[in-house]
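Visitor: My structure is stored as structure.csv, with CSV, C-alpha atoms.
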chain,number,residue,atom,x,y,z
E,14,MET,CA,9.4,-36.8,31.1
E,15,LEU,CA,8.8,-34.1,28.5
E,16,SER,CA,10.0,-36.3,25.6
E,17,VAL,CA,7.6,-39.0,26.7
E,18,ALA,CA,4.8,-36.5,26.8
E,19,PHE,CA,5.5,-35.4,23.2
E,20,ARG,CA,5.6,-39.0,22.0
E,21,LEU,CA,2.3,-39.7,23.6
E,22,ALA,CA,0.9,-36.5,22.2
E,23,PHE,CA,1.9,-37.3,18.6
E,24,ARG,CA,0.6,-40.8,19.0
E,25,GLU,CA,-2.8,-39.5,20.2
E,26,LEU,CA,-3.0,-37.0,17.4
E,27,GLN,CA,-2.2,-39.7,14.8
E,28,ARG,CA,-4.9,-42.0,16.2
E,29,ASN,CA,-7.5,-39.2,15.6
E,30,LEU,CA,-6.0,-37.7,12.5
E,31,LEU,CA,-9.1,-36.2,10.9
E,32,ARG,CA,-10.3,-34.7,14.2
E,33,SER,CA,-6.9,-33.2,14.8
E,34,VAL,CA,-6.7,-31.6,11.3
E,35,LEU,CA,-10.2,-30.1,11.7
E,36,THR,CA,-9.2,-28.8,15.2
E,37,MET,CA,-6.0,-27.2,13.7
E,38,LEU,CA,-8.0,-25.6,10.9
E,39,GLY,CA,-8.8,-22.5,13.0
E,40,ILE,CA,-5.2,-22.0,13.9
E,41,ILE,CA,-4.0,-22.6,10.3
E,42,ILE,CA,-6.5,-20.0,8.9
E,43,GLY,CA,-5.7,-17.5,11.6
E,44,VAL,CA,-1.9,-17.6,11.2
E,45,ALA,CA,-2.1,-17.6,7.4
E,46,ALA,CA,-4.5,-14.7,7.4
E,47,VAL,CA,-2.4,-12.6,9.7
E,48,ILE,CA,0.8,-13.2,7.7
E,49,VAL,CA,-0.8,-12.7,4.3
E,50,LEU,CA,-2.5,-9.5,5.2
E,51,VAL,CA,0.6,-8.0,6.9
E,52,THR,CA,2.8,-9.1,4.0
E,53,LEU,CA,0.5,-7.6,1.3
E,54,GLY,CA,0.1,-4.4,3.4
E,55,SER,CA,3.9,-4.1,3.8
E,56,GLY,CA,4.2,-4.6,0.0
E,57,ALA,CA,1.6,-1.9,-0.6
E,58,THR,CA,3.4,0.5,1.7
E,59,GLN,CA,6.7,-0.1,0.0
E,60,GLN,CA,5.1,0.4,-3.4
E,61,VAL,CA,3.7,3.7,-2.3
E,62,THR,CA,7.1,4.8,-1.0
E,63,GLN,CA,8.9,3.7,-4.1
E,64,GLN,CA,6.4,5.5,-6.4
E,65,ILE,CA,6.7,8.7,-4.5
E,66,ALA,CA,10.5,8.4,-4.3
E,67,SER,CA,10.5,8.0,-8.1
E,68,LEU,CA,9.2,11.6,-8.3
E,69,GLY,CA,12.0,12.8,-6.2
E,70,SER,CA,12.2,13.6,-2.5
E,71,ASN,CA,13.0,17.2,-3.3
E,72,LEU,CA,9.7,17.9,-5.1
E,73,LEU,CA,7.2,20.5,-3.9
E,74,MET,CA,3.7,21.2,-5.3
E,75,VAL,CA,2.1,24.6,-5.0
E,76,SER,CA,-1.7,24.4,-5.5
E,77,VAL,CA,-4.5,26.9,-5.3
E,78,GLY,CA,-6.7,27.1,-2.2
E,79,LYS,CA,-5.9,26.4,1.4
E,80,ARG,CA,-6.2,23.2,3.4
E,81,MET,CA,-9.8,22.7,4.4
E,82,GLY,CA,-11.0,23.1,8.0
E,83,PRO,CA,-14.2,24.1,9.8
E,84,GLY,CA,-15.8,27.1,8.3
E,85,GLN,CA,-13.0,27.5,5.6
E,86,SER,CA,-13.5,27.9,1.9
E,87,SER,CA,-11.2,26.5,-0.8
E,88,SER,CA,-12.0,29.2,-3.3
E,89,ALA,CA,-9.0,31.4,-4.2
E,90,PRO,CA,-7.6,33.2,-7.2
E,91,VAL,CA,-5.8,30.9,-9.6
E,92,PHE,CA,-2.1,31.2,-10.4
E,93,LYS,CA,-0.7,32.8,-13.6
E,94,LEU,CA,2.3,32.0,-15.6
E,95,ALA,CA,4.0,35.0,-14.0
E,96,ASP,CA,3.8,33.4,-10.6
E,97,ALA,CA,5.8,30.4,-11.8
E,98,GLU,CA,8.3,32.7,-13.5
E,99,ALA,CA,8.7,34.7,-10.3
E,100,ILE,CA,9.4,31.5,-8.3
E,101,ALA,CA,12.0,30.5,-10.8
E,102,ARG,CA,13.6,33.9,-10.7
E,103,GLU,CA,13.4,34.8,-7.0
E,104,VAL,CA,13.7,31.5,-5.1
E,105,PRO,CA,17.3,30.3,-5.0
E,106,ASP,CA,18.6,26.7,-5.4
E,107,LEU,CA,15.9,25.4,-7.6
E,108,MET,CA,16.5,22.8,-10.3
E,109,ALA,CA,13.3,23.2,-12.2
E,110,VAL,CA,9.9,24.9,-12.1
E,111,ALA,CA,6.9,23.5,-14.0
E,112,PRO,CA,3.6,25.4,-14.1
E,113,GLN,CA,0.7,23.1,-15.1
E,114,ALA,CA,-2.9,23.1,-16.2
E,115,SER,CA,-5.0,20.0,-17.0
E,116,SER,CA,-8.3,19.0,-18.4
E,117,SER,CA,-10.1,16.0,-19.8
E,118,SER,CA,-10.3,15.8,-23.5
E,119,THR,CA,-10.9,13.4,-26.4
E,120,ALA,CA,-7.9,12.5,-28.5
E,121,ILE,CA,-8.7,11.6,-32.1
E,122,TYR,CA,-6.5,10.0,-34.8
E,123,ALA,CA,-8.0,8.6,-38.0
E,124,ASN,CA,-11.1,6.6,-37.0
E,125,GLU,CA,-10.0,6.1,-33.4
E,126,ASN,CA,-10.7,8.3,-30.4
E,127,TRP,CA,-9.9,8.0,-26.7
E,128,GLY,CA,-10.8,10.0,-23.6
E,129,THR,CA,-7.7,11.1,-21.8
E,130,THR,CA,-6.1,13.8,-19.7
E,131,VAL,CA,-4.3,16.7,-21.4
E,132,THR,CA,-1.7,18.5,-19.4
E,133,GLY,CA,-0.1,21.8,-20.4
E,134,SER,CA,3.3,22.6,-19.0
E,135,ASN,CA,6.8,23.7,-20.0
E,136,GLU,CA,9.9,21.7,-21.0
E,137,GLN,CA,10.9,21.4,-17.3
E,138,TYR,CA,7.8,19.2,-16.6
E,139,PHE,CA,9.8,16.1,-17.5
E,140,THR,CA,12.6,16.9,-15.1
E,141,VAL,CA,10.3,17.7,-12.2
E,142,ASN,CA,8.2,14.6,-12.7
E,143,ASN,CA,11.0,12.3,-13.6
E,144,ARG,CA,9.3,11.3,-16.9
E,145,GLN,CA,11.6,9.9,-19.6
E,146,ILE,CA,11.1,9.7,-23.3
E,147,ALA,CA,10.9,6.3,-24.8
E,148,ASP,CA,11.0,7.6,-28.4
E,149,GLY,CA,11.2,11.0,-30.0
E,150,ARG,CA,12.0,14.2,-28.0
E,151,VAL,CA,10.5,16.7,-25.6
E,152,PHE,CA,9.4,20.1,-26.8
E,153,THR,CA,12.0,22.9,-26.7
E,154,ALA,CA,11.9,26.1,-24.6
E,155,GLY,CA,11.2,28.0,-27.8
E,156,GLU,CA,8.2,25.7,-28.7
E,157,ALA,CA,6.9,26.2,-25.1
E,158,ARG,CA,7.2,30.0,-25.3
E,159,SER,CA,5.6,30.2,-28.8
E,160,GLY,CA,2.8,27.8,-28.1
E,161,ALA,CA,3.7,25.3,-30.8
E,162,ALA,CA,1.2,22.7,-31.9
E,163,VAL,CA,3.2,19.7,-30.7
E,164,CYS,CA,2.4,17.0,-28.1
E,165,ILE,CA,3.9,14.1,-26.3
E,166,ILE,CA,1.7,11.1,-25.5
E,167,GLY,CA,1.7,8.3,-22.9
E,168,ASP,CA,1.9,4.6,-23.8
E,169,THR,CA,-1.9,4.0,-23.1
E,170,VAL,CA,-2.8,6.8,-25.6
E,171,ARG,CA,-0.4,5.3,-28.1
E,172,SER,CA,-1.9,1.9,-27.9
E,173,LYS,CA,-5.5,3.1,-28.0
E,174,LEU,CA,-5.1,5.5,-31.0
E,175,PHE,CA,-2.2,4.1,-33.0
E,176,GLY,CA,-2.1,0.4,-32.1
E,177,GLY,CA,1.2,-1.0,-33.4
E,178,GLN,CA,2.0,2.0,-35.6
E,179,ASN,CA,4.8,4.5,-34.8
E,180,PRO,CA,3.0,7.7,-33.7
E,181,LEU,CA,6.0,10.0,-34.2
E,182,GLY,CA,5.2,12.6,-36.8
E,183,ALA,CA,1.5,11.8,-36.9
E,184,ARG,CA,-1.0,14.6,-36.3
E,185,MET,CA,-3.8,14.0,-33.8
E,186,ARG,CA,-6.6,16.2,-32.6
E,187,LEU,CA,-7.4,17.4,-29.1
E,188,GLN,CA,-10.8,19.3,-29.4
E,189,LYS,CA,-9.9,22.2,-31.8
E,190,LEU,CA,-6.2,21.6,-31.6
E,191,SER,CA,-4.4,19.6,-34.3
E,192,CYS,CA,-0.9,18.7,-32.9
E,193,GLU,CA,2.1,16.8,-34.1
E,194,VAL,CA,3.2,13.9,-32.0
E,195,ILE,CA,6.9,14.5,-31.3
E,196,GLY,CA,7.5,12.1,-28.4
E,197,LEU,CA,6.4,9.0,-26.6
E,198,LEU,CA,6.7,8.7,-22.8
E,199,LYS,CA,8.3,5.7,-21.2
E,200,ALA,CA,5.6,3.6,-19.5
E,201,LYS,CA,5.2,4.0,-15.8
E,202,GLY,CA,2.0,2.0,-15.1
E,203,GLN,CA,-0.5,2.7,-12.3
E,204,SER,CA,0.2,5.1,-9.5
E,205,SER,CA,-0.3,4.3,-5.8
E,206,MET,CA,-3.8,5.9,-6.2
E,207,GLY,CA,-4.7,3.5,-9.0
E,208,THR,CA,-4.6,6.1,-11.8
E,209,ASP,CA,-3.0,5.2,-15.1
E,210,GLN,CA,0.1,7.4,-15.4
E,211,ASP,CA,0.4,6.6,-19.1
E,212,ASP,CA,-3.0,7.9,-20.0
E,213,ILE,CA,-1.8,11.4,-20.7
E,214,VAL,CA,-1.0,13.9,-23.4
E,215,ILE,CA,1.4,16.7,-22.7
E,216,VAL,CA,1.4,19.9,-24.7
E,217,PRO,CA,3.1,23.3,-24.2
E,218,LEU,CA,1.3,25.4,-21.5
E,219,ARG,CA,0.7,28.3,-23.9
E,220,THR,CA,-0.8,25.9,-26.4
E,221,PHE,CA,-3.1,24.5,-23.8
E,222,GLN,CA,-4.2,27.9,-22.6
E,223,ARG,CA,-4.9,29.3,-26.1
E,224,ARG,CA,-6.3,26.3,-27.9
E,225,ILE,CA,-7.9,24.1,-25.3
E,226,ALA,CA,-8.6,25.9,-22.0
E,227,GLY,CA,-9.3,29.4,-23.5
E,228,ASN,CA,-7.8,31.1,-20.4
E,229,ASN,CA,-4.4,31.9,-18.8
E,230,ASP,CA,-5.0,29.9,-15.6
E,231,VAL,CA,-2.3,27.8,-13.9
E,232,SER,CA,-3.8,25.2,-11.4
E,233,LEU,CA,-0.5,23.7,-10.1
E,234,ILE,CA,3.1,24.7,-9.9
E,235,GLN,CA,5.6,21.9,-9.4
E,236,VAL,CA,9.1,22.8,-8.0
E,237,SER,CA,12.1,20.6,-7.8
E,238,ALA,CA,14.8,21.7,-5.4
E,239,GLY,CA,18.5,21.2,-6.1
E,240,ASP,CA,20.4,18.3,-4.7
E,241,GLY,CA,21.3,18.7,-1.0
E,242,VAL,CA,19.0,21.8,-0.6
E,243,SER,CA,16.5,21.9,2.3
E,244,THR,CA,13.0,21.7,0.9
E,245,ASP,CA,11.8,23.4,4.2
E,246,GLU,CA,13.7,26.5,3.4
E,247,ILE,CA,12.5,26.6,-0.2
E,248,LYS,CA,8.9,26.1,1.1
E,249,LEU,CA,9.2,29.1,3.4
E,250,ALA,CA,10.7,31.2,0.7
E,251,MET,CA,7.9,30.4,-1.7
E,252,GLN,CA,5.3,31.0,0.9
E,253,ARG,CA,6.7,34.5,1.7
E,254,MET,CA,7.0,35.4,-2.0
E,255,LEU,CA,3.5,34.2,-3.0
E,256,ARG,CA,1.9,36.0,0.0
E,257,VAL,CA,3.3,39.2,-1.3
E,258,ARG,CA,2.3,38.5,-4.9
E,259,ARG,CA,-1.3,37.6,-3.8
E,260,HIS,CA,-1.5,40.7,-1.6
E,261,LEU,CA,-2.3,38.9,1.6
E,262,ALA,CA,-2.3,40.8,4.8
E,263,ALA,CA,-0.4,39.7,7.9
E,264,ASP,CA,-3.5,38.4,9.6
E,265,GLU,CA,-4.8,36.5,6.5
E,266,ASP,CA,-4.3,32.8,6.0
E,267,ASP,CA,-2.6,31.5,2.9
E,268,ASN,CA,-5.0,31.0,-0.1
E,269,PHE,CA,-2.6,28.6,-1.6
E,270,ASN,CA,-0.9,25.4,-0.3
E,271,VAL,CA,2.7,24.2,-0.6
E,272,MET,CA,2.9,20.5,-0.2
E,273,ASP,CA,6.2,18.7,0.3
E,274,MET,CA,6.4,15.2,-1.2
E,275,LYS,CA,7.9,14.0,2.1
E,276,GLU,CA,4.6,15.0,3.7
E,277,ILE,CA,2.6,13.0,1.2
E,278,ALA,CA,4.9,10.0,1.5
E,279,THR,CA,4.6,10.1,5.3
E,280,MET,CA,0.8,10.5,5.1
E,281,LEU,CA,0.2,7.7,2.6
E,282,SER,CA,2.7,5.3,4.3
E,283,GLY,CA,1.0,6.0,7.7
E,284,THR,CA,-2.4,5.3,6.2
E,285,THR,CA,-1.4,1.9,4.6
E,286,GLN,CA,0.4,0.9,7.8
E,287,MET,CA,-2.7,1.6,9.9
E,288,MET,CA,-4.9,-0.3,7.5
E,289,THR,CA,-2.4,-3.2,7.6
E,290,SER,CA,-2.5,-3.2,11.4
E,291,LEU,CA,-6.3,-3.2,11.5
E,292,LEU,CA,-6.6,-6.0,9.0
E,293,GLY,CA,-4.0,-8.0,10.9
E,294,ALA,CA,-5.9,-7.5,14.2
E,295,VAL,CA,-9.1,-8.6,12.6
E,296,ALA,CA,-7.4,-11.7,11.2
E,297,ALA,CA,-5.9,-12.5,14.7
E,298,VAL,CA,-9.4,-12.9,16.0
E,299,SER,CA,-9.6,-16.2,14.1
E,300,LEU,CA,-6.7,-17.5,16.3
E,301,LEU,CA,-8.9,-17.0,19.4
E,302,VAL,CA,-11.7,-18.9,17.6
E,303,GLY,CA,-9.1,-21.7,16.9
E,304,GLY,CA,-8.1,-21.7,20.5
E,305,ILE,CA,-11.7,-22.3,21.6
E,306,GLY,CA,-11.9,-25.2,19.2
E,307,ILE,CA,-8.8,-26.7,20.8
E,308,MET,CA,-10.3,-26.4,24.2
E,309,ASN,CA,-13.5,-28.0,23.0
E,310,ILE,CA,-11.7,-31.0,21.5
E,311,MET,CA,-9.4,-31.4,24.5
E,312,LEU,CA,-12.4,-31.5,26.8
E,313,VAL,CA,-13.9,-34.2,24.6
E,314,SER,CA,-10.6,-36.1,24.6
E,315,VAL,CA,-10.4,-36.0,28.4
E,316,THR,CA,-13.9,-37.4,28.6
E,317,GLU,CA,-13.1,-40.2,26.1
E,318,ARG,CA,-9.9,-41.1,28.0
E,319,THR,CA,-11.2,-41.1,31.5
E,320,ARG,CA,-10.4,-44.8,32.2
E,321,GLU,CA,-6.9,-44.3,30.8
E,322,ILE,CA,-6.4,-41.4,33.1
E,323,GLY,CA,-7.7,-43.4,36.0
E,324,ILE,CA,-5.4,-46.3,35.3
E,325,ARG,CA,-2.3,-44.0,35.1
E,326,LEU,CA,-3.2,-42.3,38.3
E,327,ALA,CA,-3.8,-45.6,40.0
E,328,ILE,CA,-0.4,-47.0,39.1
E,329,GLY,CA,1.4,-44.0,40.4
E,330,ALA,CA,1.3,-41.2,37.8
E,331,LEU,CA,1.4,-37.8,39.4
E,332,GLU,CA,-1.1,-35.0,38.7
E,333,ASN,CA,1.6,-32.9,37.2
E,334,GLU,CA,2.4,-35.6,34.7
E,335,ILE,CA,-1.2,-35.9,33.6
E,336,LEU,CA,-1.4,-32.1,33.4
E,337,LEU,CA,1.7,-32.0,31.3
E,338,GLN,CA,0.6,-34.7,28.9
E,339,PHE,CA,-2.7,-33.0,28.0
E,340,LEU,CA,-1.1,-29.6,27.9
E,341,VAL,CA,1.6,-30.9,25.5
E,342,GLU,CA,-1.1,-32.3,23.3
E,343,ALA,CA,-2.8,-28.9,23.1
E,344,VAL,CA,0.5,-27.2,22.3
E,345,VAL,CA,1.4,-29.7,19.6
E,346,LEU,CA,-2.0,-29.2,18.0
E,347,SER,CA,-1.7,-25.4,17.9
E,348,SER,CA,2.0,-25.3,17.0
E,349,THR,CA,1.5,-27.8,14.1
E,350,GLY,CA,-1.4,-25.7,12.9
E,351,GLY,CA,0.9,-22.6,13.2
E,352,LEU,CA,3.6,-24.2,11.1
E,353,ILE,CA,1.1,-25.3,8.4
E,354,GLY,CA,-0.4,-21.8,8.5
E,355,ILE,CA,3.1,-20.2,7.9
E,356,VAL,CA,3.7,-22.5,4.9
E,357,LEU,CA,0.3,-21.7,3.5
E,358,ALA,CA,0.8,-18.0,4.1
E,359,LEU,CA,4.1,-18.0,2.2
E,360,ILE,CA,2.6,-19.7,-0.8
E,361,SER,CA,-0.5,-17.5,-0.8
E,362,SER,CA,1.4,-14.3,-0.3
E,363,SER,CA,3.7,-15.1,-3.3
E,364,LEU,CA,0.7,-15.7,-5.5
E,365,LEU,CA,-1.4,-12.7,-4.4
E,366,ALA,CA,1.6,-10.4,-4.6
E,367,ALA,CA,2.0,-11.4,-8.2
E,368,VAL,CA,-1.7,-11.0,-9.0
E,369,LEU,CA,-1.9,-7.6,-7.2
E,370,GLN,CA,1.4,-6.5,-8.6
E,371,VAL,CA,2.8,-5.4,-5.2
E,372,PRO,CA,6.3,-6.1,-3.9
E,373,LEU,CA,6.7,-9.3,-1.8
E,374,VAL,CA,7.9,-8.1,1.6
E,375,PHE,CA,8.0,-10.9,4.2
E,376,ASN,CA,8.0,-9.5,7.8
E,377,LEU,CA,10.0,-12.1,9.8
E,378,PRO,CA,9.1,-10.6,13.2
E,379,VAL,CA,5.4,-10.9,12.3
E,380,ILE,CA,5.8,-14.5,11.2
E,381,ALA,CA,7.6,-15.3,14.5
E,382,ILE,CA,5.0,-13.5,16.5
E,383,ALA,CA,2.1,-15.3,14.7
E,384,PHE,CA,3.8,-18.7,15.5
E,385,ALA,CA,4.5,-17.8,19.1
E,386,PHE,CA,0.9,-16.6,19.5
E,387,SER,CA,-0.4,-19.9,18.1
E,388,ALA,CA,1.7,-21.9,20.6
E,389,THR,CA,0.5,-19.6,23.4
E,390,VAL,CA,-3.1,-20.2,22.4
E,391,GLY,CA,-2.5,-23.9,22.9
E,392,ILE,CA,-1.2,-23.3,26.4
E,393,VAL,CA,-3.9,-21.0,27.4
E,394,PHE,CA,-6.9,-22.9,26.0
E,395,GLY,CA,-5.4,-26.3,26.8
E,396,TYR,CA,-4.8,-25.6,30.5
E,397,VAL,CA,-8.5,-26.0,31.6
E,398,PRO,CA,-8.9,-29.5,30.0
E,399,ALA,CA,-5.5,-30.6,31.3
E,400,ARG,CA,-6.3,-29.4,34.8
E,401,LYS,CA,-9.6,-31.3,34.7
E,402,ALA,CA,-7.8,-34.5,33.7
E,403,ALA,CA,-5.1,-34.0,36.4
E,404,ARG,CA,-7.7,-33.5,39.2
E,405,MET,CA,-9.7,-36.7,38.4
E,406,ASP,CA,-10.4,-39.1,41.3
E,407,PRO,CA,-8.7,-42.4,40.2
E,408,ILE,CA,-11.5,-44.5,41.7
E,409,GLU,CA,-14.3,-42.6,39.9
E,410,ALA,CA,-12.2,-42.6,36.7
E,411,LEU,CA,-11.8,-46.4,36.8
E,412,ARG,CA,-15.6,-46.8,37.2
E,413,HIS,CA,-16.2,-44.7,34.1
E,414,GLU,CA,-17.7,-46.7,31.1
So that I can check it, write out the structure of this file as structure tokens.
Guide:
Amino acid sequence: MLSVAFRLAFRELQRNLLRSVLTMLGIIIGVAAVIVLVTLGSGATQQVTQQIASLGSNLLMVSVGKRMGPGQSSSAPVFKLADAEAIAREVPDLMAVAPQASSSSTAIYANENWGTTVTGSNEQYFTVNNRQIADGRVFTAGEARSGAAVCIIGDTVRSKLFGGQNPLGARMRLQKLSCEVIGLLKAKGQSSMGTDQDDIVIVPLRTFQRRIAGNNDVSLIQVSAGDGVSTDEIKLAMQRMLRVRRHLAADEDDNFNVMDMKEIATMLSGTTQMMTSLLGAVAAVSLLVGGIGIMNIMLVSVTERTREIGIRLAIGALENEILLQFLVEAVVLSSTGGLIGIVLALISSSLLAAVLQVPLVFNLPVIAIAFAFSATVGIVFGYVPARKAARMDPIEALRHE
């Protein structure tokens, strides 16, 4: 009986093909939208995780000021180079410590200029941030201590100032500083926050302080823990040491913040996953709209086929058979729309992932749930028209014109 119901359903849908396609459109759009949004959201989450992992899961960042809260102020004394040296000297099991200070500046070479970010740090900056040199070299510990006029540039700065020329050995200006380009960073592209990681110039910290900033301030200290070492223990050790160096009483809050990259990864991943869930829920509303469309068309179909229903009931068809026939038609409509939506979503996701430059991550459970939900919509919204058809009076149905 079920196979007969399916054959009748497909025959009826083929007979009104255009109406069937228009009815399925709501389901197609709903299923496709849910899958595309979840797929792109999962890709964005994976991209964020990968970019943070590329910095190293054992990275900690010490910044000035405390986490903001009601009635709290972020003002606090800045770090000095001695603070970073104390961390490197007194906290055990560290791989590298890189004090940093940054500012915006205009880089000038010949007739070209470009607004960029200048970062002052030591030679361990490249280890801590997992930045590799594409050409040339990093500055030495001696150059970092003496404040040599050398710099390493990102690929964006190279393209804007030097074009196709080799920048190594050239001298460029950063405000009053004339520095020799000794290295070119390997390109990394945009970060998860949308900033260009290649739009940067790195100089020795002492050079930055003396020739650009005009002070001895350090705004950030990045610390890389050794392999297999607990970052939680290092975090506590740094907090205890910095509280002593910054003369904080036992009842005073920290006026600095130690952030573990694992915390940042968890926070960003949680945010992208929440946004993905919200967008998926919004897209799922269109499935309900599609279900209402199916109910409307099935009610019209029942009215159009009143005499057919009356004839079937008159020659002995049971109410359950009439109910099953129209219910199967509704499920076939919604399920076919779900399958078309899945195909459309796979194609759209592939194209959009390439355009947005995010990983393509298909979530098979979400695809299965979207299809199952589309079939359920057909059952739920097709039941009322099917019940109406099954409860018709055969005599009244035969009289219908």
Visitor: Interatomic distance between atom CA of Lys93 of chain E and atom CA of Asn229 of chain E?
Guide: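 We find that atom CA of Lys93 of chain E and atom CA of Asn229 of chain E lie 6.4 Å from each other.
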Visitor: Atom CA of Asn270 of chain E and atom CA of Gln252 of chain E are how many Å apart?
Guide: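 Taking atom CA of Asn270 of chain E and atom CA of Gln252 of chain E, their separation equals 8.4 Å.
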Visitor: Using only C-alpha atoms, which protein or nucleic acid residues come within 8 Å of Phe92 of chain E? Drop anything in the same chain fewer than 6 positions from it, and give the result as a list in words.
Guide: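 Using only C-alpha atoms, the neighbours found are Val77, Asp230, Val231, Ser232 and Leu233 of chain E.
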Visitor: Return the single residue from E:Arg150, E:Gly160, E:Ala95, E:Arg171 that is closest to Glu125 of chain E, with distances computed using only C-alpha atoms.
Guide: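 That would be E:Arg171, the residue with the smallest distance to Glu125 of chain E.
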Visitor: Write out as a list in words which residues come within 12 Å of Thr284 of chain E when counting all atoms listed in the file, dropping same-chain ones fewer than 4 positions away.
Guide: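 In the requested format, the answer is Gly54, Ser55, Ala57, Thr58, Val61, Thr62, Ile277, Ala278, Thr279, Met280, Met288, Thr289, Ser290 and Leu291 of chain E.
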Visitor: Produce a file of the selected residues containing C-alpha atoms, as a CSV table (one decimal), keeping the file's coordinate frame.
Guide:
chain,number,residue,atom,x,y,z
E,54,GLY,CA,0.1,-4.4,3.4
E,55,SER,CA,3.9,-4.1,3.8
E,57,ALA,CA,1.6,-1.9,-0.6
E,58,THR,CA,3.4,0.5,1.7
E,61,VAL,CA,3.7,3.7,-2.3
E,62,THR,CA,7.1,4.8,-1.0
E,277,ILE,CA,2.6,13.0,1.2
E,278,ALA,CA,4.9,10.0,1.5
E,279,THR,CA,4.6,10.1,5.3
E,280,MET,CA,0.8,10.5,5.1
E,288,MET,CA,-4.9,-0.3,7.5
E,289,THR,CA,-2.4,-3.2,7.6
E,290,SER,CA,-2.5,-3.2,11.4
E,291,LEU,CA,-6.3,-3.2,11.5
Visitor: Can you work out the spacing between atom CA of Asn142 of chain E and atom CA of Ala111 of chain E in Å, to one decimal?
Guide: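 It comes out at 9.1 Å.
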Visitor: Determine the axis-aligned bounding box of all atoms of segment 292-299 of chain E present in the file, pad each side by 8 Å, and express its centre and edge lengths in Å to one decimal place as AutoDock Vina command-line options.
Guide:
--center_x -6.8 --center_y -11.1 --center_z 12.5 --size_x 21.6 --size_y 26.2 --size_z 23.0
Visitor: Calculated over all atoms listed in the file, which of the candidates E:Ile247, E:Ile324, E:Val131, E:Ala154 has the smallest distance to Val216 of chain E?
Guide: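 Closest to Val216 of chain E of all the choices is E:Val131.
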Visitor: Got a sec: who's within 9 Å of Ala343 of chain E, counting all atoms listed in the file, leaving out chain neighbours fewer than 3 positions off, as a PyMOL selection string?
Guide: chain E and resi 22+307-308+311+338-340+346-348+388+390-392+394-396+399
Visitor: Kindly provide, as a ChimeraX atom specification, the polymer residues lying within 12 Å of (8.6, 30.9, -11.4), counting all atoms listed in the file and using the coordinates exactly as they appear in the file.
Guide: /E:75,92-105,107-113,135,137,231,233-237,251,254-255,258
Visitor: Model the absent atoms of segment 236-248 of chain E so that N, CA and C atoms are present, and write the result as a compact mmCIF listing (two decimals), keeping the file's coordinate frame.
Guide:
# COMPACT_ATOMS: atom_id res chain seq x y z
N VAL E 236 7.74 22.27 -8.22
CA VAL E 236 9.10 22.80 -8.00
C VAL E 236 10.00 21.72 -7.58
N SER E 237 11.14 21.61 -8.23
CA SER E 237 12.10 20.60 -7.80
C SER E 237 13.36 21.35 -7.28
N ALA E 238 13.69 21.04 -6.02
CA ALA E 238 14.80 21.70 -5.40
C ALA E 238 16.13 21.01 -5.84
N GLY E 239 17.22 21.76 -5.74
CA GLY E 239 18.50 21.20 -6.10
C GLY E 239 18.97 20.16 -5.11
N ASP E 240 19.93 19.34 -5.52
CA ASP E 240 20.40 18.30 -4.70
C ASP E 240 21.07 18.88 -3.40
N GLY E 241 20.71 18.30 -2.25
CA GLY E 241 21.30 18.70 -1.00
C GLY E 241 20.67 20.00 -0.41
N VAL E 242 19.65 20.53 -1.07
CA VAL E 242 19.00 21.80 -0.60
C VAL E 242 17.81 21.39 0.28
N SER E 243 17.64 22.11 1.38
CA SER E 243 16.50 21.90 2.30
C SER E 243 15.22 22.31 1.65
N THR E 244 14.28 21.38 1.51
CA THR E 244 13.00 21.70 0.90
C THR E 244 12.18 22.61 1.91
N ASP E 245 12.47 22.51 3.20
CA ASP E 245 11.80 23.40 4.20
C ASP E 245 12.10 24.84 3.95
N GLU E 246 13.36 25.14 3.65
CA GLU E 246 13.70 26.50 3.40
C GLU E 246 13.11 27.04 2.10
N ILE E 247 13.09 26.21 1.07
CA ILE E 247 12.50 26.60 -0.20
C ILE E 247 10.96 26.81 0.00
N LYS E 248 10.36 25.95 0.79
CA LYS E 248 8.90 26.10 1.10
C LYS E 248 8.61 27.42 1.73
